[in-house]
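See below for the structure under consideration.
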Amino acid sequence: MKILVCVTSVPDTTTKITFTDNNTKLNKAGVTFITGPYDDYALARAVELKEKTGASVTVLNVGEADAEPVIRKCLAIGADDAIRVNAEPTDAYFVAEQIAAIAKETTYDLILMGRESIDYNGGQVHGIVGEMLGIPSISPVMVLDLDGDTAQITREIEGGKEELAAKLPLVLGCQEPIAEWKIPNMRGIMTARTKPLNVVEPVGTDKLTTVASYELPAPRGAVKMIKAEEAETLIQLLHTEAKVI
Amino acid sequence: MSVLIFAELDEGKLKKSSQEAIFYGAKVADMLGTSATAIVAGAADDSELATAGRYGATKVLHASDSKLNEPNGMAYATVVAAAAQQEGSKVIVLAKSSLADAMTARLAGKLKAGLAANVIELPDLSNGFRVKSSIYTGKAFAYNDLKADVKIVAIRKNTVTPEETEATAPVEKFAPALNDGDFAISVKSTEKSSGDILLPEADLVVSAGRGLKGPENWGPVEDLAKALHAATACSKPVSDLDWRPHSEHVGQTGLKISPNLYIACGISGAIQHLAGVNSSKVIVVINKDPDAPFFKSADYGIVGDVFDVLPRLTKAVQAL
C-alpha cells in the first residue's frame, strides 16, 4: 500500500502575523515555520498505518526551498521519502493541481492531508484533488481504519459525527483525534538526513485567485470590567449597550 | 447569467446561514445587474423553499431526487455544477459549513473555479472581482482577486444581516444526471445532537474551559446557554479530556465561530483559543484570575468565580 501525505509549511500557531511591502507580503522575520497542525495528524496516522501494514509513506510539499526543514521533520517522524514541488503555494487550485499531477504518476491508495492549512484556512485542496483524480474525498476525518481495501471512517459533522465506509483510493482531510502527534526521536532525525527528498518543477501556471493585499484586524476597544458582586449589570449592558441579547 | 446560491437544508428547513447566503447572493446579483437563483438539494416542501424569495432569490431550483436526501458533498457538487451550467452562472455563493466545504471543493475542481473561503464583505467590483476574507485563523484579512471565469464565494456567518421582504420565489424541479461515483461513500450511521442549537449556526455562544474543574460542573454553563437560547462550546483541553464532545471545541484546531456574543467562562485565552473566536462581535470573559490574558481581548470582563457569577447571570437573563 502506498500513502501520500501532503503537508504545508505554516507560521507557528502562536505567531503574531504582520505584513511588509505595503501589506503585500507576510513578514517572515523571526517567524518559526512548522508543519500544519492538521497535517501532523495526517502524517501521524500514515506512520501508524505503515507500522501496522508495511505501507510506504511519501511526504509531498508544494513550497519553496525554505520549506525543507519541515519536510525533513516529516521524514524524521517516519515518512520514507519526500517530494517538494518547487513553487510558491498560491491558491488552492494550483496546489491541488500539483498534488494531482504527482498522484497521476504513482498510484496512491490513500492521499492524506490536514483538513485545512492554518494560513489560508480554505479547506479546499483535498476536495479539488479528489475531483481531479476522480476519487472520493472526505473531510474532516477523525477516525480512519482499514478493512482490506475499504476504509472505515468517522467524520465530524455539525453537532455530531458520521460513520462512513468507502473503497480505496481516497483523499482524506484529517483532524484530531485521528492519531497521536508524533515527535521525532534522535534516530529518526539521523536517518531523515539520508532519506530521498526529490525536488520537481510545477505543472500548469493557472493562478485562479491571487491576493492583492493583506490587512490586520482593528484592535478591540478597552475591556469594560464589571464587579463580580454586580454581575447582573453585564446582562443589562449586553441588552441595552451592546444590543446582542 | 444569474448568480447561483447553494442553499443548505437542515431537516427540510433552509438553514439560517443559507438565508444569509441568499441575501448576500442577491446583493451581488444587484451589483452585477442580474437575478439570483437558489439551488437546493434534498427533501423539502415547496412552501419552505419559496421563502428563499424573502431574502432576495427570484427562483429556486429544487433537486429532489431521494438519493439526495442524505447530505452528500460529492453528489451536491454535481447538482450545483449542473445548475450553474443551466443558469449560465459565473458567480456561485454559499455559506461555509461542514457540508458546503465538502461540496465547494469538488465544485471548484469541476468548474476550474477561483474561490475564496471565509469571505466577510460584499465584493468590490470596481476593478475585477475582489473579496475580503479572514485568514490566519482570524489573525488577518486578505483581499482576493478572483480571476477565473467562474467564481465561488463562501461567506462566513454574520457577513450580512438579511433584510426580509414578503416576496416568495417560484420553485422549479431540477433533475440533473447523477453519477454512480457521487455515491461511492456509504453512510453507515449519523449521530447528531437533537434539539440543541447548532454551534456553527448560533448567534450566541456560552463557552467554558478547565476552570469548570470537571464535566459534572457544566450545569451552570448549560443553564445560562438555555436562558439565552445560546449554543455551548468549550476549549481544547476540555474536549481533549473528553469532558465535552469534540464538536464543541472552538479554537485554532477546532471550530472557528463568529457569533454576535461569545461568553468565555474559566478560559484563560491562549492565542490558539482566541484564534477560533476573535471574530465574535462581542466577547465576554469571566475568570477568577485577574491576569488571564483573555481579558485583553474582551469587550466586557468579570473577575470572579464562575460558579457564583453564572447562576446570577442566568437569573438576570430570565428577568429581562
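Residues in the C-alpha cells are named by chain (A, B, ... in the order shown) and by number from 1 within that chain; ligands are numbered from 1 in the order shown.
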Report as an MDAnalysis selection string all protein, DNA and RNA residues lying within 9 Å of Tyr120 (chain A), evaluated on only C-alpha atoms, omitting residues in the same chain fewer than 3 positions from it.
(chainID A and resid 91 116:117 123) or (chainID B and resid 117 134:137 142)
6 Å contacts from chain A to chain B using only C-alpha atoms, as a count of residues only:
33
I'd like the contact shell of region 188-195 of chain A - 9 Å cut-off, only C-alpha atoms, skipping same-chain residues fewer than 6 positions apart - returned as a ChimeraX atom specification.
/A:72-82
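Between CA of Leu237 (chain A) and CA of Ser235 (chain B) the interatomic distance comes to 25.4 Å.
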Leaving out Glu70 (chain B) and any residue of its chain fewer than 6 positions from it, which residues lie within 10 Å of it when counting only C-alpha atoms, given as a count of residues only?
4
Excluding Gly114 (chain A) and residues on its chain fewer than 6 positions from it, collect all residues at most 10 Å away from it, counting only C-alpha atoms, and give them as a count of residues only.
24
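Here the residues within region 164-221 of chain A that DSSP labels helix (DSSP H, G or I) on the basis of the backbone are Met186, Arg187, Gly188, Ile189, Met190, Thr191 and Ala192 of chain A.
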Residues within 7 Å of Val199 (chain A), please, as a PyMOL selection string. Count only C-alpha atoms; anything in the same chain fewer than 4 positions from it doesn't count.
chain A and resi 83-86
DSSP on the backbone: what in region 31-266 of chain B comes out strand (DSSP E), as a PyMOL selection string?
chain B and resi 36-41+59-63+91-95+114-119+130-135+140-146+151-155+171-173+186-192+204-208+231-234+261-265
Calculate how many Å separate CA of Thr159 (chain B) from CA of His239 (chain A), rounding to one decimal.
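Separation between CA of Thr159 (chain B) and CA of His239 (chain A): 21.6 Å.
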Spatial neighbours of region 14-19 of chain B, max dist 10 Å, only C-alpha atoms, sep filter under 2 positions, as a tab-separated table (two decimals) with N, CA, C and O atoms, in the first residue's frame:
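Heads up, here's the output in out.tsv:
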chain	number	residue	atom	x	y	z
B	5	ILE	N	-26.96	30.52	-5.84
B	5	ILE	CA	-26.69	30.38	-4.41
B	5	ILE	C	-27.01	28.95	-3.98
B	5	ILE	O	-28.14	28.49	-4.18
B	6	PHE	N	-26.03	28.27	-3.43
B	6	PHE	CA	-26.28	26.94	-2.86
B	6	PHE	C	-26.87	27.15	-1.47
B	6	PHE	O	-26.21	27.69	-0.58
B	7	ALA	N	-28.14	26.76	-1.32
B	7	ALA	CA	-28.82	26.93	-0.03
B	7	ALA	C	-28.98	25.56	0.62
B	7	ALA	O	-29.51	24.63	0.02
B	8	GLU	N	-28.49	25.48	1.84
B	8	GLU	CA	-28.44	24.18	2.52
B	8	GLU	C	-29.65	24.00	3.41
B	8	GLU	O	-30.15	24.96	4.00
B	9	LEU	N	-30.10	22.74	3.50
B	9	LEU	CA	-31.25	22.42	4.35
B	9	LEU	C	-30.78	21.78	5.65
B	9	LEU	O	-29.76	21.11	5.70
B	10	ASP	N	-31.57	21.98	6.69
B	10	ASP	CA	-31.41	21.22	7.93
B	10	ASP	C	-32.80	20.70	8.28
B	10	ASP	O	-33.69	21.48	8.60
B	11	GLU	N	-32.97	19.39	8.14
B	11	GLU	CA	-34.27	18.75	8.35
B	11	GLU	C	-35.39	19.46	7.59
B	11	GLU	O	-36.44	19.79	8.15
B	12	GLY	N	-35.14	19.69	6.32
B	12	GLY	CA	-36.17	20.24	5.44
B	12	GLY	C	-36.36	21.73	5.51
B	12	GLY	O	-37.18	22.30	4.80
B	21	ALA	N	-26.65	33.57	2.97
B	21	ALA	CA	-26.02	33.37	1.65
B	21	ALA	C	-26.93	33.87	0.54
B	21	ALA	O	-26.47	34.49	-0.43
B	22	ILE	N	-28.24	33.60	0.68
B	22	ILE	CA	-29.20	34.05	-0.35
B	22	ILE	C	-29.20	35.58	-0.39
B	22	ILE	O	-29.16	36.18	-1.47
B	23	PHE	N	-29.26	36.19	0.79
B	23	PHE	CA	-29.28	37.67	0.84
B	23	PHE	C	-28.00	38.25	0.23
B	23	PHE	O	-28.05	39.19	-0.57
B	24	TYR	N	-26.87	37.64	0.58
B	24	TYR	CA	-25.57	38.09	0.03
B	24	TYR	C	-25.56	37.91	-1.48
B	24	TYR	O	-25.19	38.82	-2.24
B	25	GLY	N	-25.99	36.73	-1.94
B	25	GLY	CA	-26.01	36.43	-3.37
B	25	GLY	C	-26.91	37.38	-4.14
B	25	GLY	O	-26.58	37.81	-5.25
B	38	ALA	N	-31.56	30.29	-6.32
B	38	ALA	CA	-31.08	29.39	-5.26
B	38	ALA	C	-31.19	27.95	-5.75
B	38	ALA	O	-32.16	27.60	-6.42
B	40	VAL	N	-31.27	24.06	-4.30
B	40	VAL	CA	-31.44	23.30	-3.05
B	40	VAL	C	-31.52	21.82	-3.40
B	40	VAL	O	-32.18	21.44	-4.37
B	44	ALA	N	-37.67	18.76	0.85
B	44	ALA	CA	-38.22	19.98	1.47
B	44	ALA	C	-39.53	20.32	0.78
B	44	ALA	O	-39.73	19.97	-0.40
B	48	GLU	N	-41.67	25.90	1.94
B	48	GLU	CA	-40.45	26.27	2.65
B	48	GLU	C	-39.43	26.86	1.67
B	48	GLU	O	-38.81	27.89	1.94
B	49	LEU	N	-39.28	26.20	0.53
B	49	LEU	CA	-38.28	26.65	-0.44
B	49	LEU	C	-38.63	28.03	-1.00
B	49	LEU	O	-37.74	28.84	-1.28
B	51	THR	N	-39.65	30.44	0.51
B	51	THR	CA	-39.22	31.51	1.43
B	51	THR	C	-37.85	32.07	1.04
B	51	THR	O	-37.46	33.13	1.55
B	52	ALA	N	-37.15	31.39	0.15
B	52	ALA	CA	-35.87	31.94	-0.35
B	52	ALA	C	-36.11	33.31	-0.98
B	52	ALA	O	-35.22	34.16	-0.99
B	53	GLY	N	-37.34	33.53	-1.47
B	53	GLY	CA	-37.70	34.82	-2.06
B	53	GLY	C	-37.64	35.95	-1.06
B	53	GLY	O	-37.34	37.10	-1.42
B	54	ARG	N	-37.91	35.65	0.20
B	54	ARG	CA	-37.87	36.69	1.26
B	54	ARG	C	-36.50	37.35	1.35
B	54	ARG	O	-36.37	38.48	1.75
B	55	TYR	N	-35.47	36.57	1.01
B	55	TYR	CA	-34.10	37.05	1.17
B	55	TYR	C	-33.51	37.53	-0.15
B	55	TYR	O	-32.35	37.90	-0.20
B	56	GLY	N	-34.31	37.45	-1.23
B	56	GLY	CA	-33.87	38.05	-2.49
B	56	GLY	C	-33.74	37.10	-3.66
B	56	GLY	O	-33.45	37.55	-4.78
B	57	ALA	N	-33.94	35.79	-3.45
B	57	ALA	CA	-33.86	34.86	-4.59
B	57	ALA	C	-35.08	35.08	-5.48
B	57	ALA	O	-36.20	35.27	-4.99
B	93	VAL	N	-22.49	31.49	-4.83
B	93	VAL	CA	-22.36	31.95	-3.44
B	93	VAL	C	-22.89	30.86	-2.51
B	93	VAL	O	-23.88	30.18	-2.83
B	94	LEU	N	-22.26	30.68	-1.38
B	94	LEU	CA	-22.75	29.74	-0.37
B	94	LEU	C	-22.20	30.14	0.98
B	94	LEU	O	-21.29	30.98	1.07
B	95	ALA	N	-22.78	29.56	2.02
B	95	ALA	CA	-22.31	29.80	3.39
B	95	ALA	C	-21.42	28.65	3.79
B	95	ALA	O	-21.76	27.48	3.54
B	96	LYS	N	-20.31	28.96	4.45
B	96	LYS	CA	-19.41	27.90	4.91
B	96	LYS	C	-20.11	26.99	5.90
B	96	LYS	O	-20.82	27.44	6.79
B	97	SER	N	-19.92	25.70	5.73
B	97	SER	CA	-20.42	24.70	6.69
B	97	SER	C	-19.67	23.41	6.40
B	97	SER	O	-18.93	23.33	5.41
B	155	ILE	N	-19.17	32.46	2.19
B	155	ILE	CA	-19.20	33.51	3.21
B	155	ILE	C	-19.21	32.93	4.62
B	155	ILE	O	-19.70	31.83	4.86
B	156	ARG	N	-18.63	33.70	5.52
B	156	ARG	CA	-18.63	33.33	6.93
B	156	ARG	C	-19.92	33.85	7.58
B	156	ARG	O	-20.51	34.82	7.10
B	157	LYS	N	-20.32	33.20	8.65
B	157	LYS	CA	-21.54	33.61	9.37
B	157	LYS	C	-21.44	35.09	9.77
B	157	LYS	O	-20.36	35.58	10.09
B	158	ASN	N	-22.59	35.76	9.76
B	158	ASN	CA	-22.70	37.17	10.16
B	158	ASN	C	-22.00	38.14	9.20
B	158	ASN	O	-21.71	39.27	9.55
B	159	THR	N	-21.74	37.68	7.97
B	159	THR	CA	-21.18	38.58	6.95
B	159	THR	C	-22.22	39.62	6.55
B	159	THR	O	-21.90	40.77	6.28
B	160	VAL	N	-23.47	39.21	6.48
B	160	VAL	CA	-24.58	40.13	6.21
B	160	VAL	C	-25.72	39.84	7.18
B	160	VAL	O	-25.82	38.74	7.71
B	161	THR	N	-26.55	40.84	7.42
B	161	THR	CA	-27.77	40.63	8.19
B	161	THR	C	-28.94	40.73	7.21
B	161	THR	O	-29.21	41.81	6.69
B	162	PRO	N	-29.58	39.59	6.93
B	162	PRO	CA	-30.62	39.63	5.91
B	162	PRO	C	-31.78	40.54	6.29
B	162	PRO	O	-32.22	40.56	7.43
B	163	GLU	N	-32.23	41.33	5.31
B	163	GLU	CA	-33.46	42.11	5.48
B	163	GLU	C	-34.53	41.32	4.74
B	163	GLU	O	-34.37	41.00	3.57
B	164	GLU	N	-35.61	41.01	5.43
B	164	GLU	CA	-36.65	40.17	4.81
B	164	GLU	C	-37.71	41.01	4.12
B	164	GLU	O	-38.04	42.10	4.58
B	200	PRO	N	-22.11	26.08	15.01
B	200	PRO	CA	-21.68	26.95	13.91
B	200	PRO	C	-22.76	27.94	13.46
B	200	PRO	O	-22.47	28.94	12.84
B	201	GLU	N	-24.02	27.62	13.77
B	201	GLU	CA	-25.13	28.48	13.35
B	201	GLU	C	-25.52	29.48	14.42
B	201	GLU	O	-26.33	30.39	14.17
B	202	ALA	N	-24.99	29.32	15.64
B	202	ALA	CA	-25.51	30.07	16.79
B	202	ALA	C	-25.12	31.54	16.76
B	202	ALA	O	-23.99	31.88	16.40
Residue nearest Ala63 (chain B) - candidates B:Trp218, B:Phe174, B:Tyr262, B:Phe307, atoms counted: only C-alpha atoms:
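Looking only at the distances to Ala63 (chain B), the closest residue turns out to be B:Phe174.
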